[in-house]
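Asker: Below is one structure. I have some questions about it.
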Amino acid sequence: MSRYLTALRAIVAREALRFLGQRERFLSALVRPLVWLLVFAAGFRAALGLSITPPYQTYIEYETYIVPGLCGMILLFNGMQSSLSLVYDREMGSMRLLLTAPLPRWWLLVCKLLAGTAIGVLQCYAFLLVAWLWGIRMPWGGYLAALPALVVAGLMLGALGLALSSLVKQLENFAGVMNFVIFPMFFLSSALYPLWRMQEAGDLLHDICAANPFTHAVELVRFALYLQFNPVALGWTVLATAAFLGLSLWGYDPARGMMGQKA
Amino acid sequence: MSGLEVHNIGFRYGAKVALEGVSFAVEPGRFCALLGPNGAGKSTLFALLTGLLSAPEGTIHVAGHDIRREPTKALARMGVVFQQPTLDLDLTVAQNLRYFAALQGLSGREAATRIEGALDRLGMAERAGEKARALNGGHRRRTEIARALLHRPAVLLLDEPTVGLDAASRAAITDHVHRLAREDGLTVLWATHLTDEVDPSDDLVILHQGRVLRHATAGALTGGAPLTEVFLGLTRAAA
């Protein structure tokens, strides 16, 4: 067992060192949601009225509504980015180095996933701190309760990235996937508007948003921030994590040969 | 057998045959050169040897362990130097080595002692804290070889390890690995398309279009003729 933990610690440490070494990555990870919060949300506050919907018990401002969605956005970008680094790693050879370690492959991939999630959750807290300084404050306990929710959401989005990286062979294709995955996932969710707003726009749109696992990840975080537990959101997020992880294990299976194929 | 044993390996990408009926063995203490032109199937063979791919036909044994049935045991006895650079350039030399040691289950004092020893042998002890980016190509390769030996493997696989290096670094690394086989009893498989990296006493496997054309000691195969001419003659005749 200690061999497993030694490897996990090393993989997380490497990911953290790399992240800290790339200051631009940290800044852009922080600036992106802040632009949404400070510019987009401020502009939309006047246009969008939000009635009281769970977990909120009073009228809330749009800036407050959008915070959990922006945490989701951080995790979404982070999940895609760490798998982008997987694709890059694979071309550079360090993915080969990782996968030839004498440990089961599923464990090595899980380590990679946990490492990426840890980085993503850290970014979320940095963002929540800035939002707090800006005056958007959750109950104190909510910041603690959000931790497991952010971890589950991060794992789900990281697993999605891992699955994509195993199926996408080249960097260029990956940029396309980013556009076809990140934007639809983010916009067709409850991150920016509550689902009942979507219903006003059309039933089909509402159904797509309600089926989007990203919606459930965001709702899980939203409820946790207000010290409420959303079992439905948790169930769907865990289910999606399992499905994406299964897909990535399949994609990285040596008998299927994704790894060895020449670009 | 404790070295490397490849038996009747076949592999195809879709309909395209990459390897067919490949068999050879390397004994402990032997340096075996795997010589083949580009596209001969060397990289595919390496992916199979390291378990990145798995072959539908044939078996591979590393230090007595079947790579398909006991992958972790086989990988634990194997050191690999990939053709692609695998050092993390933004991390220091020591951080790179520590990362790999941990993947092999080595940590704490044990890892530190081995890393120190490896850097000492390379004459790079004072560069442990430098970013890998600061090393030249030859030193990067030497670091990767030292790293591949940290867990004291029985079998060392190198996939075109001298690509992109100048003549002096190339000669130094080739000598270094020959010595590892001779003095430490390591089983070495060295893939290359450069005939001047092969000594007459080395084992030689010539791979061409996915098949083994010849398997003998280099000296016996050439009978004193220059290996380059023999190699070109063989691959041309088979094409």
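To be explicit about the labels: the chains of the structure tokens are called A, B, and onward in the order shown, and within each one the residues are counted from 1, while ligands get numbers from 1 in the order they are shown.
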Tell me the residues of chain B close to chain A, meaning within 8 Å using only C-alpha atoms, as a PyMOL selection string.

Answerer: chain B and resi 13+44+47+50-56+71-76+82-88+90-91+98-99+102-107

Asker: With only C-alpha atoms as the counted atoms, please give the residues lying no more than 12 Å from segment 235-243 of chain A, apart from itself and same-chain residues fewer than 2 positions off, as a compact mmCIF listing (two decimals) with N, CA and C atoms, in the first residue's frame.

Answerer:
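The file below, around02.txt, is the result:
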```
# COMPACT_ATOMS: atom_id res chain seq x y z
N VAL A 110 -5.66 7.41 -11.73
CA VAL A 110 -6.39 8.00 -10.60
C VAL A 110 -5.50 9.03 -9.89
N LEU A 113 -5.50 12.12 -11.79
CA LEU A 113 -6.80 12.76 -11.62
C LEU A 113 -6.87 13.50 -10.29
N ALA A 149 -17.79 19.00 -1.99
CA ALA A 149 -18.53 19.22 -3.24
C ALA A 149 -17.59 19.61 -4.37
N LEU A 150 -16.65 20.50 -4.06
CA LEU A 150 -15.68 20.93 -5.09
C LEU A 150 -14.81 19.75 -5.51
N VAL A 151 -14.44 18.90 -4.55
CA VAL A 151 -13.61 17.73 -4.89
C VAL A 151 -14.37 16.80 -5.83
N VAL A 152 -15.63 16.51 -5.50
CA VAL A 152 -16.41 15.61 -6.36
C VAL A 152 -16.58 16.23 -7.75
N ALA A 153 -16.91 17.52 -7.79
CA ALA A 153 -17.08 18.20 -9.08
C ALA A 153 -15.76 18.19 -9.86
N GLY A 154 -14.65 18.44 -9.15
CA GLY A 154 -13.35 18.45 -9.80
C GLY A 154 -12.98 17.08 -10.36
N LEU A 155 -13.30 16.04 -9.60
CA LEU A 155 -13.01 14.68 -10.07
C LEU A 155 -13.81 14.37 -11.33
N MET A 156 -15.07 14.80 -11.34
CA MET A 156 -15.92 14.50 -12.50
C MET A 156 -15.36 15.19 -13.75
N LEU A 157 -15.02 16.46 -13.61
CA LEU A 157 -14.54 17.20 -14.78
C LEU A 157 -13.13 16.76 -15.17
N GLY A 158 -12.32 16.39 -14.17
CA GLY A 158 -10.99 15.86 -14.47
C GLY A 158 -11.09 14.53 -15.21
N ALA A 159 -12.04 13.70 -14.78
CA ALA A 159 -12.23 12.40 -15.44
C ALA A 159 -12.67 12.58 -16.88
N LEU A 160 -13.50 13.62 -17.09
CA LEU A 160 -13.92 13.92 -18.47
C LEU A 160 -12.70 14.30 -19.32
N GLY A 161 -11.85 15.14 -18.75
CA GLY A 161 -10.64 15.55 -19.47
C GLY A 161 -9.75 14.36 -19.76
N LEU A 162 -9.62 13.47 -18.77
CA LEU A 162 -8.78 12.27 -18.91
C LEU A 162 -9.32 11.39 -20.04
N ALA A 163 -10.65 11.23 -20.06
CA ALA A 163 -11.27 10.41 -21.10
C ALA A 163 -10.98 11.02 -22.47
N ALA A 210 -30.79 20.28 -17.86
CA ALA A 210 -31.05 19.43 -16.70
C ALA A 210 -30.27 18.11 -16.80
N ALA A 211 -29.98 17.67 -18.04
CA ALA A 211 -29.25 16.42 -18.21
C ALA A 211 -27.74 16.63 -18.15
N ASN A 212 -27.30 17.84 -18.34
CA ASN A 212 -25.87 18.15 -18.36
C ASN A 212 -25.24 17.87 -17.00
N PRO A 213 -24.26 16.97 -16.93
CA PRO A 213 -23.66 16.68 -15.62
C PRO A 213 -23.02 17.91 -14.98
N PHE A 214 -22.62 18.87 -15.82
CA PHE A 214 -22.02 20.09 -15.28
C PHE A 214 -23.03 20.86 -14.41
N THR A 215 -24.31 20.85 -14.84
CA THR A 215 -25.36 21.47 -14.04
C THR A 215 -25.37 20.88 -12.64
N HIS A 216 -25.31 19.55 -12.57
CA HIS A 216 -25.39 18.90 -11.27
C HIS A 216 -24.16 19.21 -10.41
N ALA A 217 -22.99 19.28 -11.06
CA ALA A 217 -21.78 19.63 -10.32
C ALA A 217 -21.92 21.03 -9.73
N VAL A 218 -22.44 21.96 -10.54
CA VAL A 218 -22.60 23.34 -10.08
C VAL A 218 -23.63 23.41 -8.94
N GLU A 219 -24.73 22.69 -9.10
CA GLU A 219 -25.78 22.72 -8.05
C GLU A 219 -25.26 22.10 -6.75
N LEU A 220 -24.46 21.05 -6.89
CA LEU A 220 -23.89 20.43 -5.70
C LEU A 220 -23.07 21.45 -4.91
N VAL A 221 -22.26 22.20 -5.65
CA VAL A 221 -21.42 23.22 -5.01
C VAL A 221 -22.29 24.35 -4.45
N PHE A 229 -27.49 19.95 1.52
CA PHE A 229 -27.03 18.77 0.80
C PHE A 229 -28.02 18.48 -0.33
N ASN A 230 -27.49 18.30 -1.53
CA ASN A 230 -28.34 18.02 -2.68
C ASN A 230 -28.03 16.61 -3.19
N PRO A 231 -28.77 15.61 -2.68
CA PRO A 231 -28.43 14.21 -3.02
C PRO A 231 -28.57 13.89 -4.50
N VAL A 232 -29.54 14.52 -5.16
CA VAL A 232 -29.73 14.25 -6.59
C VAL A 232 -28.49 14.71 -7.37
N ALA A 233 -28.04 15.93 -7.05
CA ALA A 233 -26.87 16.47 -7.75
C ALA A 233 -25.65 15.58 -7.47
N LEU A 245 -14.53 8.04 -15.96
CA LEU A 245 -13.33 7.31 -15.54
C LEU A 245 -13.26 5.97 -16.27
N GLY A 246 -14.42 5.31 -16.37
CA GLY A 246 -14.47 4.04 -17.10
C GLY A 246 -14.02 4.23 -18.53
N LEU A 247 -14.47 5.31 -19.14
CA LEU A 247 -14.11 5.61 -20.52
C LEU A 247 -12.60 5.84 -20.65
N SER A 248 -12.01 6.52 -19.66
CA SER A 248 -10.57 6.79 -19.78
C SER A 248 -9.75 5.53 -19.55
N LEU A 249 -10.19 4.65 -18.64
CA LEU A 249 -9.46 3.40 -18.44
C LEU A 249 -9.51 2.57 -19.72
N TRP A 250 -10.66 2.62 -20.37
CA TRP A 250 -10.80 1.92 -21.64
C TRP A 250 -9.88 2.54 -22.69
```

Asker: Which residues come within 7 Å of Ala181 of chain B, counting only C-alpha atoms, excluding same-chain residues fewer than 4 positions away, as a list in words?

Answerer: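 Here the answer would be Gly29, Arg30, Phe31, Val177, Gly185, Leu186, Thr187 and Val188 of chain B.
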
Asker: Point out the residue among B:Val155, B:Arg12, B:Gly39, B:Met124 with the least atom-to-atom distance to Gly64 of chain B, counting only C-alpha atoms.

Answerer: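 Of B:Val155, B:Arg12, B:Gly39, B:Met124, the one nearest Gly64 of chain B is B:Val155, counting only C-alpha atoms.
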
Asker: Provide the atom CA of Leu189 of chain B to atom CA of Asn8 of chain B distance in Å, to one decimal place.

Answerer: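 These two atoms are separated by 17.3 Å.
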
Asker: List every residue of segment 127-160 of chain B that DSSP, applied to the backbone of this structure, assigns to helix (DSSP H, G or I), and report them as a VMD selection string.

Answerer: chain B and resid 127 132 to 134 137 to 148

Asker: Please compute the atom CA of Ser28 of chain A-atom CA of Lys131 of chain B distance, one decimal, in Å.

Answerer: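 Calculated distance between atom CA of Ser28 of chain A and atom CA of Lys131 of chain B is 24.3 Å.
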
Asker: What is the atom CA of Gly10 of chain B-atom CA of Arg68 of chain B distance in Å, reported with one decimal?

Answerer: 14.0 Å

Asker: Out of B:Pro200, B:Ala18, B:Ile9, B:Leu119, which residue has the shortest atom-to-atom distance to Ala225 of chain B when counting only C-alpha atoms?

Answerer: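 Residue with the minimum atom-to-atom distance to Ala225 of chain B: B:Pro200.
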
Asker: Using only C-alpha atoms, find the one residue out of B:Gly14, B:Gly123, B:Arg214, B:Val205 that sits nearest to Val26 of chain B.

Answerer: B:Val205

Asker: Taking only segment 107-228 of chain B into account, list the residues labelled strand (DSSP E) by DSSP (computed from the backbone), as a list of chain:residue names.

Answerer: B:Val155, B:Leu156, B:Leu157, B:Leu158, B:Asp159, B:Thr187, B:Val188, B:Leu189, B:Trp190, B:Ala191, B:Thr192, B:Asp203, B:Leu204, B:Val205, B:Ile206, B:Leu207, B:His208, B:Arg211, B:Val212, B:Leu213, B:Arg214, B:His215, B:Ala216, B:Thr217
